[in-house]
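Colleague: Let me begin by handing over the structure; questions about it come next.
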Amino acid sequence: MDHAERRLVAILAVDIVGYSRLVEADEAGTLAAIRDLRSKVTDPLLAEYRGRIVKLMGDGAIMEFGSVVDAVVCAVALQRGTATHQAGVAADRRLVFRMGINLGDVVVEGDDLLGDGVNVAARLEQLCEPGGLFVSGTAYDQLPGRLELPVEFVGERHMKNIARPVRTYRVRLRGTDIAKATIAGRLHRWAIVAAVVLVAVSLAGSTLWLWPRQPVAESAMMARMKYPLPKEPSIAVMPLDDLSPGPSQAYFADGITEDLITELSELPGLFVIARHSSFTYKGRPTKLQDIAEAMGVRYVLEGNLRRDGDFVRIEAQLTDALNNQRVWDKHYEGRISQVSALQNKLVGEIGLSLQVNVPPSAESAQAETTPEAYDRLLEGLGHLRIGTDVELLKSITLFNESLNLDPYYSRAHAAVAAANWEIAVACWNSGNSAFRKAMSSVDQSLPMAMLYQNALAYAISSEVLAAHGGYDQALIAINRAIQLDANDPEHHIRKARYLNAAGRAPEAEVEARLAMRLDPKYPPEYLRALAISLFHQEKYEDAVDALKYLITLQWDVADDYATLTSGLGHLGNLGGVQLNMAKYNGITIPFGRGPLTVQAIAWQWYVDMSDYYPAYRDRLLEGLRKAGVPEGAGTDIAYETYAKAVNRVNGEYSVSGAPKLGAAAVKRLIDEGAQLIDVRSPRPFSHAHIPGSINLPATNVLSKATLSEKVGASNAIIFTCQAKYCVDAAFASAKALAWGYPRVSYFADGIAAWQDANYPTETSLTK
């Protein structure tokens with residue numbers, strides 16, 4: 001039972017818009033302005049409305065209130081007070097906030113608050129326009145009758161890692177309505193807020209200039225570009241707004257947008273920002289100037305899509321953001337069956353305007369499939385990107401429906417493979433039936449998709465090959481994907497990972513930086529690939545800096561702390577080592593991995609290390625030793641000695657001198673008196689294990705001494721783990737042979753195969 005302290009609170013998430021640009025332009029001035037604003041505006045308002053700051057994050061904050069009304073009124077006052085305080089500040093230097101409020105259950109850990117109650121507020125803030133305030137449905141339900149503010153429903157929003165869509169409302173902060181707002185039973189408080197509003201109005205003449213819903217037309221500035229402009233024409237394609245009547249066609253508009261990005265990426269001599277970065281602006285009105293500066297591009301394409309039955313209309317505007325000139329404003333319409341032709345025409349218009357060569361094949365390309373199959377594919381992709389298990393299964397159903405309509409549709413085959421590969425990766429260590437079913441689907445879908453030269457199919461194939469240790473073959477596959485779609489950053493980051501594993505870190509760095517340029521709002525794994533490439537090149541200071549930033553973006557990847565610890569060891573900077581080791585253990589142990597040891601990382605570091613470039617692995621382990629990380633158990637035998645007895649083919653292990661047994665043979669030997677040694681960590685062992693087995697975790701407990709305490713030298717011993725891709729049992733078997741045990745067997749398929757055979761298991765209490 002979970003005994004964590006919980007409470008129901010109102011959470012206000014606040015973020016500074018354009019923080020990176022402001023700091024880059026004037027770090028000292030920006031930080032001073034933030035401190036001044038906090039002391040003169042934020043802290044007094046928090047005291048007035050009984051709020052507190054839970055945590056500060058550089059460009060934002062999480063605040064706690066006992067009342068939703070207090071949170072909303074404080075947020076409104078904070079927006080207005082911030083504007084008033086900065087009345088004399090130049091427009092490009094003002095601090096502008098986005099805000100989100102949620103009422104939810106949170107977990108209390110000291111002064112910190114955790115859980116979905118906090119996460120929803122943070123997601124709302126990310127969706128909100130600059131200078132605005134979004135509240136969740138749970139928060140909105142507390143407002144009627146208590147707070148008379150203009151509020152509008154903006155729809156149910158799907159949020160990353162939140163299972164259910166969130167009802168979302170916008171609190172109107174503009175115009176004269178705000179001055180009329182009252183709080184039932186709290187008129188003395190609202191008088192303060194109204195006074196702030198009236199001062200803002202009197203100073204500015206109108207509040208409209210403070211937080212315009214519609215972007216202000218300004219030219220992007222070369223000096224404020226986050227990245228240098230490419231030599232070739234460069235463009236960012238914004239998500240098309242869905243203006244369709246009736247049921248939402250957002251998935252269709254998103255799919256058309258993505259296809260436009262892909263088709264433009266195929267034009268030689270055109271630099272195109274990746275989908276991921278473009279879609280961070282979805283539903284967030286933003287100046288084209290800010291988009292161009294953040295993405296490092298000259299041109300921006302925006303527009304909308306209207307689907308009504310069989311009819312589709314696309315309106316698009318191409319803008320030169322550097323010169324603040326609308327290049328053109330066009331519309332394209334036709335039947336669903338003509339969507340491919342409409343896309344081709346739009347791509348051709350863009351290519352002509354940007355003086356980019358458009359191959360005749362691009363202008364005359366025929367639809368790849370039927371309209372119905374295409375529609376099912378796009379709907380499936382919409383579910384896939386939500387990211388939850390439920391939505392993933394819905395996507396597979398829709399992809400299969402697409403294939404029922406067109407069995408030769410390569411994109412649908414590739415999508416089936418991609419979705420099932422996500423399941424396989426999630427279940428990789430368990431080896432359960434879900435894993436086997438998913439891998440079977442991947443194996444069936446990839447050949448058909450690759451037959452028709454689908455880039456995604458080659459990319460997924462490369463991941464399968466790499467997961468089985470075939471980095472050379474993986475590089476061949478990903479190079480083919482890049483040939484087919486050179487502007488997809490995911491292809492380049494995959495290649496960076498394989499190059500790191502293959503001992504080609506300088507090339508990996510190039511690929512990682514290219515991926516980050518194509519996707520300026522890149523996800524954390526891009527920075528991870530770059531940091532690892534820097535580490536392998538012995539650029540330890542740069543690697544450590546990158547890793548420290550990485551864990552502020554994503555804190556729950558244990559091996560990042562191992563890498564950081566090794567980097568600190570190489571630098572001789574041991575001050576943060578113990579903390580990083582503790583964070584590693586805090587993540588791994590609850591999830592069934594052992595504590596941080598040199599041996600544990602020698603076996604598993606992000607990926608199985610059996611086929612990793614040896615010199616890179618040795619350098620990683622050397623840094624851990626310099627940092628004082630424990631070696632692990634059973635290290636009286638050198639890694640090279642026992643590892644040479646272990647062979648890996650297609651991801652599966654065998655051990656010279658240790659017969660590889662199936663579940664039935666293992667059961668027979670146990671019945672005859674053989675001792676089973678389960679080398680998993682205590683948590684998964686306690687959850688389910690084979691009756692009579694002894695738990696000796698491989699990396700930190702199993703040694704010659706601990707083994708001899710449990711079994712005699714002449715005993716028949718069987719080593720096992722979770723499933724066939726677990727290396728621990730293979731290395732344990734090899735060690736036992738080296739220690740002189742003559743009757744060693746290897747149950748590679750592990751507890752998963754035992755359960756599949758419907759043999760009994762036991763559970764035990766975790767100490």
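Chain lettering (A, B, ...) mirrors the order of the structure tokens, residue numbering begins at 1 for each chain separately, and ligand numbering begins at 1 in order of display.
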Using only C-alpha atoms, which residues sit within 8 Å of Ala477 in chain A once same-chain residues fewer than 3 positions away are excluded, as an MDAnalysis selection string?

Modeller: chainID A and resid 458:459 461:462 473:474 480:481

Colleague: Which is closer to Asp290 in chain A than all the others in A:Asp611, A:Asp92, A:Asp259, A:Glu422, using only C-alpha atoms?

Modeller: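 Using only C-alpha atoms, Asp290 in chain A sits closest to A:Asp92.
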
Colleague: Please, what distance in Å, to one decimal, runs between CA of Val17 in chain A and CA of Arg167 in chain A?

Modeller: 23.4 Å

Colleague: Which residues of range 495-610 of chain A come within 12 Å of range 730-735 of chain A, and for each one, what is the closest pair of atoms and their distance in Å to one decimal, counting only C-alpha atoms, sorted by chain and residue number, as a Markdown table?

Modeller:
| residue | atom | partner | partner_atom | distance |
| --- | --- | --- | --- | --- |
| A:Gln599 | CA | A:Phe731 | CA | 10.8 |
| A:Ala600 | CA | A:Phe731 | CA | 11.3 |
| A:Ala602 | CA | A:Phe731 | CA | 11.2 |
| A:Trp603 | CA | A:Phe731 | CA | 8.9 |
| A:Gln604 | CA | A:Phe731 | CA | 12.0 |
| A:Ser610 | CA | A:Phe731 | CA | 10.6 |

Colleague: Which residues are near Gly628 in chain A? Cut-off 9 Å, only C-alpha atoms, ignore same chain within fewer than 6 positions. Put them as a PyMOL selection string.

Modeller: chain A and resi 569+574+577

Colleague: Would you kindly return, as a JSON list (two decimals) with C-alpha atoms, in the first residue's frame, each protein, DNA or RNA residue with an atom no farther than 10 Å from any atom of Ile551 in chain A, considering only C-alpha atoms and excluding same-chain residues fewer than 3 positions away?

Modeller:
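That gives us result.json:
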[["chain", "number", "residue", "atom", "x", "y", "z"],
["A", 524, "PRO", "CA", 16.45, 14.88, -24.42],
["A", 528, "ARG", "CA", 22.26, 12.27, -24.65],
["A", 546, "ALA", "CA", 25.93, 18.40, -21.45],
["A", 547, "LEU", "CA", 24.97, 15.67, -18.98],
["A", 548, "LYS", "CA", 24.25, 18.15, -16.19],
["A", 554, "GLN", "CA", 14.96, 14.31, -18.01],
["A", 555, "TRP", "CA", 15.93, 13.15, -14.55],
["A", 556, "ASP", "CA", 14.84, 9.50, -14.60],
["A", 557, "VAL", "CA", 17.39, 7.79, -16.89],
["A", 558, "ALA", "CA", 19.72, 6.00, -14.48],
["A", 560, "ASP", "CA", 22.95, 9.28, -17.31],
["A", 561, "TYR", "CA", 24.13, 9.42, -13.69],
["A", 564, "LEU", "CA", 28.20, 11.70, -15.36]]

Colleague: Can you tell me which residues surround Ser430 in chain A at a distance of at most 8 Å, considering only C-alpha atoms, apart from same-chain residues fewer than 5 positions away, and format the answer as number ranges by chain?

Modeller: A: 435, 722-723, 752

Colleague: What's the separation between CA of Ile235 in chain A and CA of His491 in chain A, in Å to one decimal place?

Modeller: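 So the answer is 19.6 Å.
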
Colleague: Could you write out, as a PyMOL selection string, all the residues of range 526-588 of chain A that DSSP marks as helix (DSSP H, G or I)?

Modeller: chain A and resi 526-536+540-553+558-571+577-588

Colleague: Using only C-alpha atoms, which residue out of A:Glu266, A:Gly634, A:Phe747, A:Ser402 lies closest to Leu696 in chain A?

Modeller: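 Between A:Glu266, A:Gly634, A:Phe747, A:Ser402, the residue approaching Leu696 in chain A most closely is A:Gly634.
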
Colleague: Name the residues in contact with Val358 in chain A at a cut-off of 7 Å, using only C-alpha atoms, excluding same-chain residues fewer than 5 positions from it; report them as a compact mmCIF listing (two decimals) with N, CA, C and O atoms, in the first residue's frame.

Modeller:
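See around08.txt below for the written result:
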# COMPACT_ATOMS: atom_id res chain seq x y z
N LEU A 267 12.99 17.83 -51.30
CA LEU A 267 13.44 18.74 -52.34
C LEU A 267 14.92 19.06 -52.13
O LEU A 267 15.31 19.52 -51.05
N GLY A 348 5.00 22.29 -54.92
CA GLY A 348 5.55 22.92 -56.12
C GLY A 348 5.55 24.43 -56.02
O GLY A 348 6.52 25.09 -56.44
N GLY A 351 8.39 25.43 -53.68
CA GLY A 351 9.68 25.27 -54.35
C GLY A 351 9.94 26.38 -55.36
O GLY A 351 11.05 26.92 -55.44

Colleague: Quick check, in Å to one decimal: how far apart do CA of Gly662 in chain A and CA of Trp421 in chain A lie?

Modeller: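 Atom-to-atom, CA of Gly662 in chain A to CA of Trp421 in chain A, that is 26.0 Å.
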
Colleague: Taking only C-alpha atoms into account, which of A:Asp254, A:Asp671, A:Glu525, A:Glu509 comes nearest Leu378 in chain A?

Modeller: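 Nearest candidate to Leu378 in chain A out of A:Asp254, A:Asp671, A:Glu525, A:Glu509: A:Asp254.
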
Colleague: Measuring between only C-alpha atoms, which one of A:Pro247, A:Ala414, A:Ala627, A:Gly503 shows the shortest distance to Gly576 in chain A?

Modeller: A:Ala627

Colleague: Would you kindly return, as a PyMOL selection string, each protein, DNA or RNA residue with an atom no farther than 10 Å from any atom of Leu22 in chain A, considering only C-alpha atoms and excluding same-chain residues fewer than 4 positions away?

Modeller: chain A and resi 16-18+26-31+92-95+224
